[in-house]
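These notes are about the structure you will find just below.
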Amino acid sequence: MARKFLVSIDLNQNELQNARVHNLATPPSTPVEGQIYFDSSIGDKSIYFWDGTSWIDVGGDLRSIVA
């Protein structure tokens with residue numbers, strides 16, 4: 001069962017270990033700037049973050065770099 005924290009959590013420079021990004025098949029409907037989620041829909045499997053205007057795919061592909 002998830003536990004809600006209604007305040008910011010300060011880890012005091014300690015590590016967050018074994019964390020998992022929120023898995024969703026569709027983007028959150030009311031995102032806040034800086035929010036992230038993992039698109040678990042078939043064929044996507046990417047992490048996205050909300051920049052205040054749109055969802056940005058943070059994935060990369062080294063095969064697409066051209067010198």
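For the structure tokens, the naming scheme is as follows: chains receive sequential letters (A, B, ...) according to their order of presentation, residues are indexed from 1 within each chain, and ligands are indexed from 1 in presentation order.
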
task = With a distance cut-off of 12 Å and only C-alpha atoms, select the neighbouring residues of Asp44 in chain A, excluding the residue or stretch itself and same-chain residues fewer than 2 positions from it, and output the selection as an MDAnalysis selection string.
result = chainID A and resid 23:26 38:42 46:48 57 59

Just to be explicit: take each residue in the selection above, keep N, CA and C atoms, and write the result as a tab-separated table (two decimals), in the first residue's frame.
```tsv
chain	number	residue	atom	x	y	z
A	23	ASN	N	4.89	3.88	-12.95
A	23	ASN	CA	4.54	3.22	-14.22
A	23	ASN	C	3.10	3.52	-14.58
A	24	LEU	N	2.89	4.12	-15.75
A	24	LEU	CA	1.55	4.44	-16.22
A	24	LEU	C	1.44	4.16	-17.71
A	25	ALA	N	0.27	3.76	-18.16
A	25	ALA	CA	0.04	3.53	-19.59
A	25	ALA	C	-0.34	4.81	-20.31
A	26	THR	N	-0.79	5.83	-19.56
A	26	THR	CA	-1.12	7.14	-20.12
A	26	THR	C	-0.54	8.21	-19.21
A	38	PHE	N	7.03	6.72	-16.07
A	38	PHE	CA	7.47	5.73	-17.04
A	38	PHE	C	6.27	5.27	-17.83
A	39	ASP	N	6.29	5.47	-19.16
A	39	ASP	CA	5.18	5.04	-20.01
A	39	ASP	C	5.32	3.53	-20.24
A	40	SER	N	4.45	2.77	-19.60
A	40	SER	CA	4.53	1.32	-19.65
A	40	SER	C	3.67	0.72	-20.77
A	41	SER	N	3.13	1.59	-21.64
A	41	SER	CA	2.29	1.06	-22.72
A	41	SER	C	3.14	0.24	-23.69
A	42	ILE	N	2.48	-0.69	-24.36
A	42	ILE	CA	3.16	-1.58	-25.30
A	42	ILE	C	3.82	-0.77	-26.40
A	46	SER	N	9.27	4.35	-22.24
A	46	SER	CA	10.15	5.50	-22.10
A	46	SER	C	9.80	6.29	-20.84
A	47	ILE	N	10.79	7.03	-20.33
A	47	ILE	CA	10.57	7.94	-19.21
A	47	ILE	C	10.31	9.33	-19.77
A	48	TYR	N	9.31	10.00	-19.20
A	48	TYR	CA	8.93	11.35	-19.62
A	48	TYR	C	8.95	12.29	-18.43
A	57	ASP	N	10.26	13.29	-23.72
A	57	ASP	CA	10.87	11.96	-23.64
A	57	ASP	C	12.33	12.16	-23.26
A	59	GLY	N	14.47	9.73	-22.98
A	59	GLY	CA	15.26	8.65	-23.55
A	59	GLY	C	16.20	9.17	-24.61
```

message = Please compute the CA of Ser8 in chain A-CA of Pro27 in chain A distance, one decimal, in Å.
response =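 Result for CA of Ser8 in chain A versus CA of Pro27 in chain A: 22.5 Å, one decimal.
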
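With only C-alpha atoms as the atoms that count, the minimum distance from Pro28 in chain A to the choices A:Trp55, A:Glu15, A:Gly43, A:Ile9 is reached by A:Trp55.
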
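CA of Ile56 in chain A is positioned 26.3 Å from CA of Ala2 in chain A.
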
Best match for closeness to Ser29 in chain A among A:Asp10, A:Leu16, A:Arg3, A:Ser54, counting only C-alpha atoms =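 Closest to Ser29 in chain A of all the choices is A:Ser54.
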
task = To one decimal in Å, tell me the separation between CA of Phe49 in chain A and CA of Pro31 in chain A.
result =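 Going from CA of Phe49 in chain A over to CA of Pro31 in chain A covers 9.2 Å.
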
request  = From a DSSP calculation on the backbone, collect every residue of chain A in strand (DSSP E) and output the set as a ChimeraX atom specification.
outcome  = /A:23-24,36-39,46-50,55-57

Can I get the selected residues back with all heavy atoms, as a short mmCIF file (atom, residue, chain, number, x, y, z; two decimals), in the first residue's frame?
```
data_model
loop_
_atom_site.label_atom_id
_atom_site.label_comp_id
_atom_site.auth_asym_id
_atom_site.auth_seq_id
_atom_site.Cartn_x
_atom_site.Cartn_y
_atom_site.Cartn_z
N ASN A 23 4.89 3.88 -12.95
CA ASN A 23 4.54 3.22 -14.22
C ASN A 23 3.10 3.52 -14.58
O ASN A 23 2.19 3.21 -13.80
CB ASN A 23 4.71 1.69 -14.09
CG ASN A 23 6.15 1.29 -14.03
OD1 ASN A 23 6.79 1.19 -15.05
ND2 ASN A 23 6.66 1.08 -12.83
N LEU A 24 2.89 4.12 -15.75
CA LEU A 24 1.55 4.44 -16.22
C LEU A 24 1.44 4.16 -17.71
O LEU A 24 2.41 4.33 -18.45
CB LEU A 24 1.24 5.93 -16.00
CG LEU A 24 1.22 6.42 -14.55
CD1 LEU A 24 1.17 7.94 -14.51
CD2 LEU A 24 0.03 5.83 -13.83
N ILE A 36 7.79 13.26 -13.28
CA ILE A 36 8.23 12.22 -14.20
C ILE A 36 7.33 11.01 -14.10
O ILE A 36 6.68 10.80 -13.07
CB ILE A 36 9.70 11.80 -13.96
CG1 ILE A 36 9.88 11.22 -12.55
CG2 ILE A 36 10.65 12.96 -14.19
CD1 ILE A 36 11.26 10.63 -12.31
N TYR A 37 7.30 10.21 -15.17
CA TYR A 37 6.60 8.93 -15.15
C TYR A 37 7.21 8.03 -16.22
O TYR A 37 7.86 8.50 -17.14
CB TYR A 37 5.09 9.09 -15.36
CG TYR A 37 4.65 9.21 -16.79
CD1 TYR A 37 4.15 8.11 -17.47
CD2 TYR A 37 4.74 10.41 -17.47
CE1 TYR A 37 3.75 8.21 -18.80
CE2 TYR A 37 4.35 10.53 -18.79
CZ TYR A 37 3.86 9.42 -19.45
OH TYR A 37 3.48 9.52 -20.76
N PHE A 38 7.03 6.72 -16.07
CA PHE A 38 7.47 5.73 -17.04
C PHE A 38 6.27 5.27 -17.83
O PHE A 38 5.30 4.78 -17.25
CB PHE A 38 8.13 4.54 -16.33
CG PHE A 38 8.56 3.45 -17.27
CD1 PHE A 38 9.70 3.59 -18.04
CD2 PHE A 38 7.81 2.29 -17.38
CE1 PHE A 38 10.08 2.58 -18.91
CE2 PHE A 38 8.19 1.27 -18.24
CZ PHE A 38 9.33 1.42 -19.01
N ASP A 39 6.29 5.47 -19.16
CA ASP A 39 5.18 5.04 -20.01
C ASP A 39 5.32 3.53 -20.24
O ASP A 39 6.17 3.08 -20.99
CB ASP A 39 5.19 5.79 -21.33
CG ASP A 39 3.93 5.55 -22.14
OD1 ASP A 39 3.33 4.47 -22.01
OD2 ASP A 39 3.55 6.45 -22.90
N SER A 46 9.27 4.35 -22.24
CA SER A 46 10.15 5.50 -22.10
C SER A 46 9.80 6.29 -20.84
O SER A 46 8.68 6.26 -20.36
CB SER A 46 10.02 6.43 -23.30
OG SER A 46 10.49 5.80 -24.47
N ILE A 47 10.79 7.03 -20.33
CA ILE A 47 10.57 7.94 -19.21
C ILE A 47 10.31 9.33 -19.77
O ILE A 47 10.99 9.78 -20.68
CB ILE A 47 11.78 7.96 -18.26
CG1 ILE A 47 11.94 6.59 -17.58
CG2 ILE A 47 11.63 9.06 -17.21
CD1 ILE A 47 13.14 6.49 -16.66
N TYR A 48 9.31 10.00 -19.20
CA TYR A 48 8.93 11.35 -19.62
C TYR A 48 8.95 12.29 -18.43
O TYR A 48 8.71 11.88 -17.30
CB TYR A 48 7.51 11.35 -20.20
CG TYR A 48 7.41 10.66 -21.53
CD1 TYR A 48 7.21 9.29 -21.60
CD2 TYR A 48 7.51 11.37 -22.71
CE1 TYR A 48 7.11 8.64 -22.82
CE2 TYR A 48 7.42 10.73 -23.94
CZ TYR A 48 7.21 9.37 -23.99
OH TYR A 48 7.13 8.73 -25.19
N PHE A 49 9.24 13.57 -18.68
CA PHE A 49 9.10 14.59 -17.64
C PHE A 49 8.30 15.76 -18.19
O PHE A 49 8.31 16.02 -19.38
CB PHE A 49 10.45 15.03 -17.08
CG PHE A 49 11.15 16.08 -17.89
CD1 PHE A 49 11.00 17.43 -17.61
CD2 PHE A 49 11.99 15.72 -18.94
CE1 PHE A 49 11.65 18.39 -18.36
CE2 PHE A 49 12.64 16.67 -19.69
CZ PHE A 49 12.47 18.02 -19.40
N TRP A 50 7.58 16.43 -17.29
CA TRP A 50 6.73 17.56 -17.65
C TRP A 50 7.53 18.84 -17.49
O TRP A 50 8.02 19.15 -16.41
CB TRP A 50 5.48 17.59 -16.76
CG TRP A 50 4.52 18.68 -17.08
CD1 TRP A 50 4.32 19.82 -16.36
CD2 TRP A 50 3.62 18.73 -18.18
NE1 TRP A 50 3.34 20.57 -16.95
CE2 TRP A 50 2.89 19.93 -18.08
CE3 TRP A 50 3.35 17.88 -19.25
CZ2 TRP A 50 1.93 20.30 -18.99
CZ3 TRP A 50 2.38 18.26 -20.16
CH2 TRP A 50 1.69 19.44 -20.03
N TRP A 55 4.98 16.97 -22.23
CA TRP A 55 5.76 15.82 -21.78
C TRP A 55 6.95 15.65 -22.71
O TRP A 55 6.81 15.61 -23.92
CB TRP A 55 4.91 14.54 -21.78
CG TRP A 55 3.90 14.52 -20.68
CD1 TRP A 55 2.56 14.71 -20.79
CD2 TRP A 55 4.18 14.31 -19.30
NE1 TRP A 55 1.98 14.63 -19.55
CE2 TRP A 55 2.94 14.38 -18.61
CE3 TRP A 55 5.33 14.07 -18.55
CZ2 TRP A 55 2.85 14.22 -17.23
CZ3 TRP A 55 5.22 13.90 -17.20
CH2 TRP A 55 4.00 13.98 -16.54
N ILE A 56 8.16 15.56 -22.14
CA ILE A 56 9.40 15.41 -22.90
C ILE A 56 9.96 14.02 -22.65
O ILE A 56 10.14 13.60 -21.50
CB ILE A 56 10.45 16.46 -22.46
CG1 ILE A 56 9.87 17.87 -22.52
CG2 ILE A 56 11.71 16.33 -23.28
CD1 ILE A 56 9.47 18.34 -23.89
N ASP A 57 10.26 13.29 -23.72
CA ASP A 57 10.87 11.96 -23.64
C ASP A 57 12.33 12.16 -23.26
O ASP A 57 13.07 12.83 -23.97
CB ASP A 57 10.75 11.25 -24.98
CG ASP A 57 11.27 9.84 -24.98
OD1 ASP A 57 11.97 9.44 -24.03
OD2 ASP A 57 10.96 9.12 -25.95
#
```
